[in-house]
Structures are given as structure tokens and as C-alpha cells.
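Worksheet: the structure to be examined is printed underneath.
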Amino acid sequence: MSSASPGGRPPLSPPSFADLWRDLEPLGRDPVTGGYRRYSWTPADAQCRAWFTRQAEKRGLTVHPDANGNLWAWWGPQEPGAVATGSHLDSVPDGGGFDGALGVVTALAAVDLLQENNFYPERPLVLVTFTEEEGARFGLPCLGSRLLTGVVDPNAARDLTDDAGVTLAQAMTSAGLDPAQIGPDPALVEGLSAFVELHVEQGRALEPMGSAVGIAEGIWPHGRWRLDFTGQADHAGTARLADRRDPMLAYAGTVLAARRAAAEHGALATFGKVIAEPGGSNAVCSAVRAWLDARAADEATLSETVTDVRSAAERCSAEQGVTLSVRQESRTPVVRFDEGLRDRIAGVLAAAGMPAPVLPTGAGHDAGVLAARLPTAMLFVRNPTGVSHSPAEHADLADCEAGVRALALVLRDLAGPK
Ligand SMILES: [Zn+2]
């Protein structure tokens with residue numbers, strides 16, 4: 001009901017961020033690469049979930065997992081009008097420590113800051129960690145938030161498979177969940193009045209501006225396409241070049257064409273995952289499976305870029321006598337975050353002496369999925385090198401703590417007395 005520091009003054013007590021960070025840091029980190037392998041429904045994921053649950057309960061929050069495996073930690077009663085914040089704890093293969101985790105840790109530290117300032121939310125505050133945001137295991141990014149909001153068919157989701165052929169349904173069952181229950185939860189979604197996701201910046205816009213924290217304007221449309229090049233397996237030492245039907249050549253030509261198409265359209269096109277089958281070092285492979293990630297500032301440019309890559313793949317395949325199939329695995333339309341909420345957040349931060357510039361981004365987030373259903377905003381914390389989805393991803397402690405203060409101010413404004 002009350003706040004110890006009314007009138008828009010920032011809470012001043014030092015945040016608990018560093019302690020929380022140290023505690024989470026070792027979970028799911030590969031000792032050799034230093035990168036994170038926090039894939040959904042694996043032991044590393046279970047450790048992260050247990051950590052979050054423990055930390056939330058320590059703060060007096062009540063944790064309710066939803067049917068899709070997203071964890072919701074309630075401060076106050078589970079009632080409509082709740083203000084939500086959080087991010088995800090899963091990672092890309094050998095991902096950085098900040099992507100997703102920063103939003104979850106800052107949310108917990110922001111609760112500490114608010115509690116230290118004797119704040120109690122007038123509207124319930126809920127912290128969330130979404131499942132399979134990266135799509136690193138089952139190929140569909142933002143799976144937890146898409147299932148929650150009903151934009152992905154639960155039947156199709158249950159049949160998604162990982163690289164070992166394990167279905168989502170099997171993985172959830174092994175983790176002790178009932179995959180029959182997955183799907184939309186309109187009551188939960190409609191009970192949220194706002195969602196604010198804090199995230200490490202994936203890019204390097206804040207550094208030259210000298211700002212620790214920024215506010216998202218929107219998210220570029222983006223998607224993933226799977227390309228299967230099928231040729232003929234043969235002996236690397238005896239098959240004559242003229243006789244080969246080598247899918248690797250068709251794939252290689254496509255990669256180069258994707259780079260050209262991206263440059264021509266001012267877009268981004270990336271092949272970051274490829275599987276050669278059967279994968280013998282002394283054989284022409286029988287098939288190459290590759291995943292194209294494409295992003296652009298608008299829908300038309302994205303479509304044109306993908307069409308160009310696809311035509312190149314068809315041409316390269318025909319030249320090599322290789323069969324091609326292309327399947328869109330996901331496509332996310334352009335997201336424009338709620339302007340009213342953005343302006344309100346900008347006002348709160350500016351009044352507290354933390355002016356935050358507004359930035360566009362090419363990276364997808366659960367906030368982008370929720371933005372279609374409720375007022376949603378994002379805060380970015382400066383990434384000095386801009387590198388992300390890599391063990392080199394970094395944010396300075398002082399900037400992370402500035403993120404905690406910014407998030408606490410925003411939550412106090414949204415969930416506090418009017
Ligand atoms: Zn993320």
C-alpha cells in the first residue's frame with residue numbers, strides 16, 4: 001500500500017544483484033567452452049528452475065507453474081490486473097550468461113529493492129520465467145509464451161522433436177509434467193495488466209550513447225526456415241567429381257547467396273546450424289540439413305530476402321543434382337511495443353535522473369509474443385561489445401545494478417498506489 005520513497009525518488013539501497021548472479025552463474029555452464037547449455041527440460045534447466053523457485057520463495061512469493069512449464073512467482077494475491085516482469089533461463093548452445101538470465105535476476109533483485117523500501121504492491125506483481133525462449137532444443141523460439149497465448153497449436157507443439165528425436169511431449173513427461181495439458185491459458189493472460197521484460201542489449205547502440213539502460217521501440221519481423229538438401233552418399237576417394245550429387249555444394253552456394261541477399265536488402269540472413277548426414281569425414285554426405293535465420297526492418301524486405309535465398313538454394317541444388325525441400329519453422333511479425341507504456345516508463349526513468357533512449361532490435365523475445373495481447377515493454381541493459389549468443393556476451397555489474405534500479409522504479413510506478 002505504501003512506498004518508503006514516494007514522489008518518484010529512486011530507491012537508494014544497494015541491490016542484491018551480485019549475490020543472486022553469483023549463485024545462478026555456475027548452473028548449466030560448460031566447463032570447456034564457458035558457454036551455457038541450459039536447454040529446456042534437461043537437468044541444467046531443472047537446476048535453474050529449482051534455483052528460481054527457491055529465490056522467489058525466499059522473498060515470500062508464491063510460485064505457480066502454468067501448464068506450459070512457465071514459472072510464475074506471485075507477490076500478492078493471484079488476481080487480475082497483475083503487473084508481470086521476467087524473462088527466460090534457457091540458452092542457445094554455448095550462449096552467454098546474460099541473455100534471459102539478466103531479466104530474471106534483475107526481477108528478483110528489484111523485488112528486494114522494493115521490499116527494502118517497504119513497498120507493497122497495490123496490484124499483484126508477478127515474476128515469470130518462460131520455457132524454451134531460444135528454441136534451442138525444439139526449434140520453435142518463444143515456445144512457452146506462444147503456447148500460453150495460443151499462437152501455437154498444442155498438438156503440433158507436442159510433436160516437436162529435438163536433434164535426438166525426443167518429442168516435446170516425451171521431454172515434458174520425463175520432467176514430471178503432463179504434456180496433455182499444454183495450450184492457451186486465457187485467464188492467466190487476461191489477468192495481466194502489463195509485462196515489462198528487462199534484457200541484455202543484443203547489439204551496441206547504448207555504448208556510444210553513454211546510457212546504461214534503454215527502452216525498446218519494437219522488434220524486427222524474423223523467422224527460421226529449414227532447408228533439406230538431399231543428394232547421394234559416396235566414397236570421398238573413389239567417386240569421380242562428375243558423378244557426384246553432393247548436397248554440401250548446394251548448401252555452400254546457398255550460404256554465400258544468403259549473405260549477398262542480406263547485404264542487398266539491408267537485412268540479416270544467417271546459417272548458424274547445419275547437420276551433415278551421415279557425417280563421415282571420408283564420404284560425400286547424403287543430406288545436409290540447414291537452418292536459415294532471417295530478419296529485416298519490415299515484412300516485405302524479410303519476404304524478399306527469404307525468396308532470394310530460396311531461389312538461390314533451388315538453383316544451386318539443380319546444378320548439383322540435389323533435391324531441395326524448404327519449410328518455414330517459425331515466423332514472427334513485426335512488433336511495436338505499447339506507446340503509452342513506453343512513454344510512461346521513459347517519464348518515470350527521466351524523473352529519477354536515468355534518461356533511457358528508445359531503440360529498435362532485431363532479436364526476438366517473449367515480450368514480443370505478449371505484446372499482441374497486453375501492454376508490453378522492454379528495458380535493455382548496455383552490452384559494451386554488443387556480442388550476444390556467445391560466451392563473450394557481457395554487461396558490467398554497475399549497469400546491471402542500474403537495470404535493477406530502473407526495473408524497480410517501473411514496477412513501483414505500475415503496481416504502486418495511483
Ligand atoms: Zn533472450
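Ordered as shown in the C-alpha cells, chains take letters A, B, and onward, while each chain numbers its residues from 1 and ligands are numbered from 1 in the order shown.
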
Inset, instruction - Do a neighbour search on segment 266-274 of chain A at 6 Å with only C-alpha atoms, toss out local chain neighbours closer than 4 positions, and write the hits as number ranges by chain. - result: A: 258, 262, 289-296

Would you give me, as JSON lines, each residue of chain A having an atom within 9 Å of an atom of ligand 1, along with its shortest atom pair and that distance in Å to one decimal, using only C-alpha atoms and all ligand atoms and sorting by chain and residue number?
```
{"residue": "A:Ser87", "atom": "CA", "partner": "ligand 1", "partner_atom_place_in_ligand_line": "1 (Zn)", "distance": 7.0}
{"residue": "A:His88", "atom": "CA", "partner": "ligand 1", "partner_atom_place_in_ligand_line": "1 (Zn)", "distance": 6.5}
{"residue": "A:Leu89", "atom": "CA", "partner": "ligand 1", "partner_atom_place_in_ligand_line": "1 (Zn)", "distance": 8.3}
{"residue": "A:Asp90", "atom": "CA", "partner": "ligand 1", "partner_atom_place_in_ligand_line": "1 (Zn)", "distance": 8.3}
{"residue": "A:Ser91", "atom": "CA", "partner": "ligand 1", "partner_atom_place_in_ligand_line": "1 (Zn)", "distance": 7.7}
{"residue": "A:Phe98", "atom": "CA", "partner": "ligand 1", "partner_atom_place_in_ligand_line": "1 (Zn)", "distance": 8.2}
{"residue": "A:Asp99", "atom": "CA", "partner": "ligand 1", "partner_atom_place_in_ligand_line": "1 (Zn)", "distance": 4.5}
{"residue": "A:Gly100", "atom": "CA", "partner": "ligand 1", "partner_atom_place_in_ligand_line": "1 (Zn)", "distance": 4.2}
{"residue": "A:Ala101", "atom": "CA", "partner": "ligand 1", "partner_atom_place_in_ligand_line": "1 (Zn)", "distance": 7.9}
{"residue": "A:Leu102", "atom": "CA", "partner": "ligand 1", "partner_atom_place_in_ligand_line": "1 (Zn)", "distance": 8.9}
{"residue": "A:Gly103", "atom": "CA", "partner": "ligand 1", "partner_atom_place_in_ligand_line": "1 (Zn)", "distance": 8.5}
{"residue": "A:Glu133", "atom": "CA", "partner": "ligand 1", "partner_atom_place_in_ligand_line": "1 (Zn)", "distance": 6.8}
{"residue": "A:Glu134", "atom": "CA", "partner": "ligand 1", "partner_atom_place_in_ligand_line": "1 (Zn)", "distance": 6.8}
{"residue": "A:His199", "atom": "CA", "partner": "ligand 1", "partner_atom_place_in_ligand_line": "1 (Zn)", "distance": 6.6}
{"residue": "A:Val200", "atom": "CA", "partner": "ligand 1", "partner_atom_place_in_ligand_line": "1 (Zn)", "distance": 7.8}
{"residue": "A:Gln202", "atom": "CA", "partner": "ligand 1", "partner_atom_place_in_ligand_line": "1 (Zn)", "distance": 8.8}
{"residue": "A:Ala363", "atom": "CA", "partner": "ligand 1", "partner_atom_place_in_ligand_line": "1 (Zn)", "distance": 7.9}
{"residue": "A:Gly364", "atom": "CA", "partner": "ligand 1", "partner_atom_place_in_ligand_line": "1 (Zn)", "distance": 7.4}
{"residue": "A:His365", "atom": "CA", "partner": "ligand 1", "partner_atom_place_in_ligand_line": "1 (Zn)", "distance": 5.9}
{"residue": "A:Asp366", "atom": "CA", "partner": "ligand 1", "partner_atom_place_in_ligand_line": "1 (Zn)", "distance": 8.0}
{"residue": "A:His389", "atom": "CA", "partner": "ligand 1", "partner_atom_place_in_ligand_line": "1 (Zn)", "distance": 8.8}
```

Legend entry - All helix (DSSP H, G or I) positions in segment 41-70 of chain A, as a PyMOL selection string: chain A and resi 43-58

Go ahead and save the residues from that selection, with N, CA and C atoms, as a tab-separated table (two decimals), in the first residue's frame.
```tsv
chain	number	residue	atom	x	y	z
A	43	PRO	N	18.56	-31.60	-17.24
A	43	PRO	CA	18.95	-31.40	-15.83
A	43	PRO	C	19.41	-29.96	-15.55
A	44	ALA	N	20.11	-29.32	-16.49
A	44	ALA	CA	20.55	-27.93	-16.27
A	44	ALA	C	19.34	-27.01	-16.12
A	45	ASP	N	18.34	-27.25	-16.94
A	45	ASP	CA	17.10	-26.46	-16.89
A	45	ASP	C	16.40	-26.68	-15.55
A	46	ALA	N	16.38	-27.93	-15.10
A	46	ALA	CA	15.73	-28.24	-13.81
A	46	ALA	C	16.45	-27.51	-12.67
A	47	GLN	N	17.77	-27.44	-12.75
A	47	GLN	CA	18.54	-26.73	-11.71
A	47	GLN	C	18.17	-25.25	-11.71
A	48	CYS	N	18.06	-24.67	-12.90
A	48	CYS	CA	17.71	-23.24	-13.00
A	48	CYS	C	16.31	-23.00	-12.44
A	49	ARG	N	15.38	-23.89	-12.76
A	49	ARG	CA	14.00	-23.76	-12.26
A	49	ARG	C	13.96	-23.85	-10.74
A	50	ALA	N	14.73	-24.82	-10.21
A	50	ALA	CA	14.75	-25.00	-8.75
A	50	ALA	C	15.35	-23.76	-8.09
A	51	TRP	N	16.38	-23.22	-8.73
A	51	TRP	CA	17.02	-22.01	-8.20
A	51	TRP	C	16.02	-20.85	-8.14
A	52	PHE	N	15.30	-20.65	-9.25
A	52	PHE	CA	14.32	-19.56	-9.32
A	52	PHE	C	13.24	-19.74	-8.25
A	53	THR	N	12.75	-20.97	-8.14
A	53	THR	CA	11.67	-21.24	-7.18
A	53	THR	C	12.15	-20.95	-5.75
A	54	ARG	N	13.37	-21.40	-5.45
A	54	ARG	CA	13.95	-21.17	-4.12
A	54	ARG	C	14.06	-19.67	-3.83
A	55	GLN	N	14.61	-18.94	-4.79
A	55	GLN	CA	14.82	-17.50	-4.59
A	55	GLN	C	13.50	-16.75	-4.45
A	56	ALA	N	12.52	-17.16	-5.25
A	56	ALA	CA	11.22	-16.48	-5.18
A	56	ALA	C	10.57	-16.74	-3.82
A	57	GLU	N	10.64	-18.01	-3.37
A	57	GLU	CA	10.00	-18.36	-2.10
A	57	GLU	C	10.69	-17.68	-0.92
A	58	LYS	N	12.01	-17.52	-1.03
A	58	LYS	CA	12.78	-16.81	-0.01
A	58	LYS	C	12.25	-15.39	0.19
```

Inset, instruction - Check the smallest atom-to-atom distance from each of A:Asp396, A:Glu329, A:Asp298, A:Asp246 to Leu143 of chain A using only C-alpha atoms, then report the winner. - result: A:Glu329

Inset, instruction - Tell me which protein, DNA and RNA residues are within 10 Å of Leu324 of chain A, counting only C-alpha atoms, leaving out same-chain ones fewer than 5 positions away, and put them as a list in words. - result: Leu227, Asp228, Phe229, Thr230, Gly231, Pro247, Ala250, Tyr251, Ala287, Val288, Arg289, Arg310, Ala313, Glu314, Arg315, Cys316, Ser317 and Ala318 of chain A

Output N, CA, C and O atoms for every residue in the selection just made, as a JSON list (two decimals), in the first residue's frame.
```
[["chain", "number", "residue", "atom", "x", "y", "z"],
["A", 227, "LEU", "N", 16.14, -25.96, -44.41],
["A", 227, "LEU", "CA", 16.41, -26.37, -45.78],
["A", 227, "LEU", "C", 17.03, -27.76, -45.74],
["A", 227, "LEU", "O", 18.03, -27.98, -45.06],
["A", 228, "ASP", "N", 16.42, -28.69, -46.47],
["A", 228, "ASP", "CA", 16.96, -30.05, -46.57],
["A", 228, "ASP", "C", 17.47, -30.28, -47.99],
["A", 228, "ASP", "O", 16.69, -30.25, -48.94],
["A", 229, "PHE", "N", 18.78, -30.46, -48.09],
["A", 229, "PHE", "CA", 19.42, -30.76, -49.37],
["A", 229, "PHE", "C", 19.70, -32.27, -49.37],
["A", 229, "PHE", "O", 20.46, -32.74, -48.52],
["A", 230, "THR", "N", 19.11, -33.00, -50.32],
["A", 230, "THR", "CA", 19.33, -34.44, -50.33],
["A", 230, "THR", "C", 20.05, -34.85, -51.61],
["A", 230, "THR", "O", 19.58, -34.56, -52.71],
["A", 231, "GLY", "N", 21.21, -35.49, -51.45],
["A", 231, "GLY", "CA", 21.99, -35.94, -52.60],
["A", 231, "GLY", "C", 22.22, -37.43, -52.51],
["A", 231, "GLY", "O", 21.33, -38.19, -52.13],
["A", 247, "PRO", "N", 25.28, -32.77, -51.69],
["A", 247, "PRO", "CA", 24.41, -31.72, -51.11],
["A", 247, "PRO", "C", 25.19, -30.61, -50.41],
["A", 247, "PRO", "O", 24.69, -29.49, -50.26],
["A", 250, "ALA", "N", 25.59, -27.67, -52.80],
["A", 250, "ALA", "CA", 24.36, -26.87, -52.94],
["A", 250, "ALA", "C", 24.18, -26.00, -51.70],
["A", 250, "ALA", "O", 23.82, -24.81, -51.79],
["A", 251, "TYR", "N", 24.46, -26.57, -50.54],
["A", 251, "TYR", "CA", 24.34, -25.82, -49.28],
["A", 251, "TYR", "C", 25.33, -24.65, -49.27],
["A", 251, "TYR", "O", 24.97, -23.51, -48.95],
["A", 287, "ALA", "N", 22.93, -36.10, -47.12],
["A", 287, "ALA", "CA", 22.00, -34.99, -46.92],
["A", 287, "ALA", "C", 22.63, -33.92, -46.05],
["A", 287, "ALA", "O", 23.47, -34.21, -45.20],
["A", 288, "VAL", "N", 22.20, -32.68, -46.28],
["A", 288, "VAL", "CA", 22.60, -31.57, -45.41],
["A", 288, "VAL", "C", 21.31, -30.88, -44.96],
["A", 288, "VAL", "O", 20.48, -30.51, -45.78],
["A", 289, "ARG", "N", 21.16, -30.77, -43.67],
["A", 289, "ARG", "CA", 20.02, -30.02, -43.12],
["A", 289, "ARG", "C", 20.58, -28.72, -42.57],
["A", 289, "ARG", "O", 21.56, -28.75, -41.83],
["A", 310, "ARG", "N", 15.91, -18.63, -51.13],
["A", 310, "ARG", "CA", 15.24, -19.83, -51.60],
["A", 310, "ARG", "C", 15.53, -20.09, -53.08],
["A", 310, "ARG", "O", 15.82, -21.23, -53.47],
["A", 313, "ALA", "N", 18.95, -21.37, -53.44],
["A", 313, "ALA", "CA", 19.04, -22.77, -52.99],
["A", 313, "ALA", "C", 18.52, -23.70, -54.08],
["A", 313, "ALA", "O", 19.10, -24.77, -54.33],
["A", 314, "GLU", "N", 17.44, -23.29, -54.74],
["A", 314, "GLU", "CA", 16.88, -24.11, -55.83],
["A", 314, "GLU", "C", 17.87, -24.22, -56.98],
["A", 314, "GLU", "O", 18.11, -25.29, -57.54],
["A", 315, "ARG", "N", 18.48, -23.08, -57.32],
["A", 315, "ARG", "CA", 19.44, -23.05, -58.44],
["A", 315, "ARG", "C", 20.65, -23.91, -58.10],
["A", 315, "ARG", "O", 21.07, -24.77, -58.90],
["A", 316, "CYS", "N", 21.21, -23.72, -56.92],
["A", 316, "CYS", "CA", 22.41, -24.48, -56.52],
["A", 316, "CYS", "C", 22.10, -25.97, -56.45],
["A", 316, "CYS", "O", 22.94, -26.81, -56.81],
["A", 317, "SER", "N", 20.91, -26.32, -55.99],
["A", 317, "SER", "CA", 20.54, -27.74, -55.89],
["A", 317, "SER", "C", 20.42, -28.35, -57.28],
["A", 317, "SER", "O", 20.91, -29.46, -57.52],
["A", 318, "ALA", "N", 19.78, -27.62, -58.19],
["A", 318, "ALA", "CA", 19.61, -28.12, -59.57],
["A", 318, "ALA", "C", 20.98, -28.35, -60.20],
["A", 318, "ALA", "O", 21.20, -29.38, -60.86]]
```

Legend entry - Nearest residue to Met209 of chain A from the set A:Ala356, A:Val410, A:Leu140, A:Leu24 (distances using only C-alpha atoms): A:Ala356

Inset, instruction - Name the residues in contact with Ala84 of chain A at a cut-off of 7 Å, using only C-alpha atoms, excluding same-chain residues fewer than 6 positions from it; report them as an NGL selection string. - result: :A and (125-128 or 192 or 194-196)

Inset, instruction - Could you give me, as a PyMOL selection string, each residue of segment 263-406 of chain A that DSSP assigns to strand (DSSP E) when run on this structure's backbone? - result: chain A and resi 268-277+283-284+287-295+323-332+335-336+358-361+376-381

Legend entry - Selected residue of minimal separation from Leu407 of chain A among A:Asp338, A:Ala110, A:Asp30, A:Leu20, counting only C-alpha atoms: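 Looking at the shortest contact to Leu407 of chain A, the residue is A:Ala110.
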
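Minimum atom-to-atom distances from A:Leu411, A:Ala157, A:Leu148, A:Val255 to Ala82 of chain A were compared using only C-alpha atoms, and the lowest value belongs to A:Leu411.
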
Legend entry - Nearest-residue call for His265 of chain A, choices A:Ser281, A:Thr305, A:Gly96, A:Asp243, using only C-alpha atoms: A:Thr305

Inset, instruction - Rank nothing, just name the residue among A:Pro77, A:Gly191, A:Gly165, A:Gly69 nearest to Pro179 of chain A, using only C-alpha atoms. - result: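 Distance minimum relative to Pro179 of chain A lands on A:Gly69.
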
What lies within 9 Å of Gly203 of chain A using only C-alpha atoms, ignoring chain neighbours under 4 positions off, as a PDB file with all heavy atoms, in the first residue's frame?
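Writing done, so here's out-v8.pdb:
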```pdb
ATOM      1  N   THR A 361      15.171  -3.327 -32.163  1.00  0.00           N
ATOM      2  CA  THR A 361      16.031  -4.502 -32.058  1.00  0.00           C
ATOM      3  C   THR A 361      15.649  -5.563 -33.082  1.00  0.00           C
ATOM      4  O   THR A 361      14.491  -5.653 -33.486  1.00  0.00           O
ATOM      5  CB  THR A 361      15.993  -5.124 -30.640  1.00  0.00           C
ATOM      6  OG1 THR A 361      16.801  -6.309 -30.641  1.00  0.00           O
ATOM      7  CG2 THR A 361      14.587  -5.522 -30.236  1.00  0.00           C
ATOM      8  N   GLY A 362      16.639  -6.350 -33.472  1.00  0.00           N
ATOM      9  CA  GLY A 362      16.407  -7.452 -34.395  1.00  0.00           C
ATOM     10  C   GLY A 362      16.219  -8.773 -33.675  1.00  0.00           C
ATOM     11  O   GLY A 362      16.053  -9.804 -34.311  1.00  0.00           O
ATOM     12  N   ARG A 382      22.953  -2.022 -21.156  1.00  0.00           N
ATOM     13  CA  ARG A 382      24.098  -1.836 -22.055  1.00  0.00           C
ATOM     14  C   ARG A 382      24.995  -3.072 -22.138  1.00  0.00           C
ATOM     15  O   ARG A 382      25.364  -3.673 -21.137  1.00  0.00           O
ATOM     16  CB  ARG A 382      24.912  -0.643 -21.574  1.00  0.00           C
ATOM     17  CG  ARG A 382      26.256  -0.458 -22.280  1.00  0.00           C
ATOM     18  CD  ARG A 382      26.828   0.913 -21.993  1.00  0.00           C
ATOM     19  NE  ARG A 382      26.872   1.238 -20.576  1.00  0.00           N
ATOM     20  CZ  ARG A 382      27.102   2.476 -20.092  1.00  0.00           C
ATOM     21  NH1 ARG A 382      27.302   3.489 -20.917  1.00  0.00           N
ATOM     22  NH2 ARG A 382      27.126   2.700 -18.794  1.00  0.00           N
ATOM     23  N   ASN A 383      25.367  -3.410 -23.371  1.00  0.00           N
ATOM     24  CA  ASN A 383      26.298  -4.505 -23.651  1.00  0.00           C
ATOM     25  C   ASN A 383      27.491  -3.852 -24.345  1.00  0.00           C
ATOM     26  O   ASN A 383      27.392  -3.433 -25.492  1.00  0.00           O
ATOM     27  CB  ASN A 383      25.581  -5.502 -24.581  1.00  0.00           C
ATOM     28  CG  ASN A 383      26.445  -6.663 -25.010  1.00  0.00           C
ATOM     29  OD1 ASN A 383      27.670  -6.578 -24.980  1.00  0.00           O
ATOM     30  ND2 ASN A 383      25.819  -7.736 -25.437  1.00  0.00           N
ATOM     31  N   PRO A 384      28.627  -3.713 -23.646  1.00  0.00           N
ATOM     32  CA  PRO A 384      29.709  -2.865 -24.180  1.00  0.00           C
ATOM     33  C   PRO A 384      30.263  -3.328 -25.524  1.00  0.00           C
ATOM     34  O   PRO A 384      30.690  -2.496 -26.323  1.00  0.00           O
ATOM     35  CB  PRO A 384      30.785  -2.909 -23.096  1.00  0.00           C
ATOM     36  CG  PRO A 384      30.354  -3.904 -22.089  1.00  0.00           C
ATOM     37  CD  PRO A 384      28.916  -4.252 -22.318  1.00  0.00           C
ATOM     38  N   THR A 385      30.253  -4.638 -25.795  1.00  0.00           N
ATOM     39  CA  THR A 385      30.768  -5.093 -27.092  1.00  0.00           C
ATOM     40  C   THR A 385      29.641  -5.374 -28.074  1.00  0.00           C
ATOM     41  O   THR A 385      29.877  -5.500 -29.270  1.00  0.00           O
ATOM     42  CB  THR A 385      31.573  -6.398 -26.933  1.00  0.00           C
ATOM     43  OG1 THR A 385      30.678  -7.426 -26.467  1.00  0.00           O
ATOM     44  CG2 THR A 385      32.724  -6.235 -25.962  1.00  0.00           C
ATOM     45  N   GLY A 386      28.435  -5.519 -27.571  1.00  0.00           N
ATOM     46  CA  GLY A 386      27.310  -5.852 -28.430  1.00  0.00           C
ATOM     47  C   GLY A 386      27.184  -7.342 -28.708  1.00  0.00           C
ATOM     48  O   GLY A 386      26.168  -7.789 -29.226  1.00  0.00           O
ATOM     49  N   VAL A 387      28.210  -8.124 -28.351  1.00  0.00           N
ATOM     50  CA  VAL A 387      28.193  -9.565 -28.653  1.00  0.00           C
ATOM     51  C   VAL A 387      27.143 -10.270 -27.778  1.00  0.00           C
ATOM     52  O   VAL A 387      27.046 -10.009 -26.581  1.00  0.00           O
ATOM     53  CB  VAL A 387      29.589 -10.194 -28.416  1.00  0.00           C
ATOM     54  CG1 VAL A 387      29.533 -11.711 -28.538  1.00  0.00           C
ATOM     55  CG2 VAL A 387      30.598  -9.619 -29.397  1.00  0.00           C
ATOM     56  N   SER A 388      26.380 -11.165 -28.420  1.00  0.00           N
ATOM     57  CA  SER A 388      25.393 -11.954 -27.689  1.00  0.00           C
ATOM     58  C   SER A 388      25.313 -13.339 -28.322  1.00  0.00           C
ATOM     59  O   SER A 388      25.896 -13.572 -29.373  1.00  0.00           O
ATOM     60  CB  SER A 388      24.037 -11.248 -27.734  1.00  0.00           C
ATOM     61  OG  SER A 388      23.105 -11.927 -26.923  1.00  0.00           O
TER      62      SER A 388
END
```

Legend entry - Point-to-point distance from atom CA of Gly353 of chain A to atom CA of Ala406 of chain A, Å rounded to tenths: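 Spanning atom CA of Gly353 of chain A to atom CA of Ala406 of chain A is a straight-line distance of 10.2 Å.
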
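Counting from atom CA of Val111 of chain A, the distance to atom CA of Asn70 of chain A is 19.2 Å.
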
Inset, instruction - Just the residues within 7 Å of Ile215 of chain A, please, counting only C-alpha atoms, with nothing from its chain fewer than 3 positions along; format it as an MDAnalysis selection string. - result: chainID A and resid 356:359 378:380

Store the residues picked out above in a file with N, CA, C and O atoms, as a PDB file, in the first residue's frame.
```
ATOM      1  N   ALA A 356      16.509   7.212 -20.536  1.00  0.00           N
ATOM      2  CA  ALA A 356      16.783   5.981 -21.286  1.00  0.00           C
ATOM      3  C   ALA A 356      16.370   6.168 -22.742  1.00  0.00           C
ATOM      4  O   ALA A 356      15.201   6.437 -23.023  1.00  0.00           O
ATOM      5  N   PRO A 357      17.333   6.043 -23.672  1.00  0.00           N
ATOM      6  CA  PRO A 357      16.983   6.196 -25.090  1.00  0.00           C
ATOM      7  C   PRO A 357      16.120   5.042 -25.591  1.00  0.00           C
ATOM      8  O   PRO A 357      16.135   3.953 -25.014  1.00  0.00           O
ATOM      9  N   VAL A 358      15.374   5.300 -26.665  1.00  0.00           N
ATOM     10  CA  VAL A 358      14.490   4.288 -27.257  1.00  0.00           C
ATOM     11  C   VAL A 358      15.194   3.656 -28.453  1.00  0.00           C
ATOM     12  O   VAL A 358      15.718   4.355 -29.320  1.00  0.00           O
ATOM     13  N   LEU A 359      15.235   2.308 -28.484  1.00  0.00           N
ATOM     14  CA  LEU A 359      15.998   1.579 -29.506  1.00  0.00           C
ATOM     15  C   LEU A 359      15.161   0.500 -30.196  1.00  0.00           C
ATOM     16  O   LEU A 359      14.369  -0.162 -29.536  1.00  0.00           O
ATOM     17  N   MET A 378       9.981  -3.275 -23.007  1.00  0.00           N
ATOM     18  CA  MET A 378      11.270  -3.894 -22.710  1.00  0.00           C
ATOM     19  C   MET A 378      12.278  -2.835 -22.298  1.00  0.00           C
ATOM     20  O   MET A 378      12.291  -1.725 -22.840  1.00  0.00           O
ATOM     21  N   LEU A 379      13.120  -3.226 -21.343  1.00  0.00           N
ATOM     22  CA  LEU A 379      14.275  -2.403 -20.966  1.00  0.00           C
ATOM     23  C   LEU A 379      15.520  -3.157 -21.414  1.00  0.00           C
ATOM     24  O   LEU A 379      15.595  -4.375 -21.257  1.00  0.00           O
ATOM     25  N   PHE A 380      16.490  -2.433 -21.944  1.00  0.00           N
ATOM     26  CA  PHE A 380      17.764  -3.050 -22.324  1.00  0.00           C
ATOM     27  C   PHE A 380      18.873  -2.529 -21.421  1.00  0.00           C
ATOM     28  O   PHE A 380      18.907  -1.339 -21.094  1.00  0.00           O
TER      29      PHE A 380
END
```

Legend entry - Glu339 of chain A environment, 12 Å, only C-alpha atoms, sequence neighbours closer than 3 positions dropped, as an NGL selection string: :A and (215-218 or 335-336 or 342-346 or 358 or 371 or 374-378)

Inset, instruction - Record the distance separating atom CA of Ala175 of chain A and atom CA of Thr85 of chain A, expressed in Å with one decimal. - result: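 Atom CA of Thr85 of chain A lies at a distance of 24.9 Å from atom CA of Ala175 of chain A.
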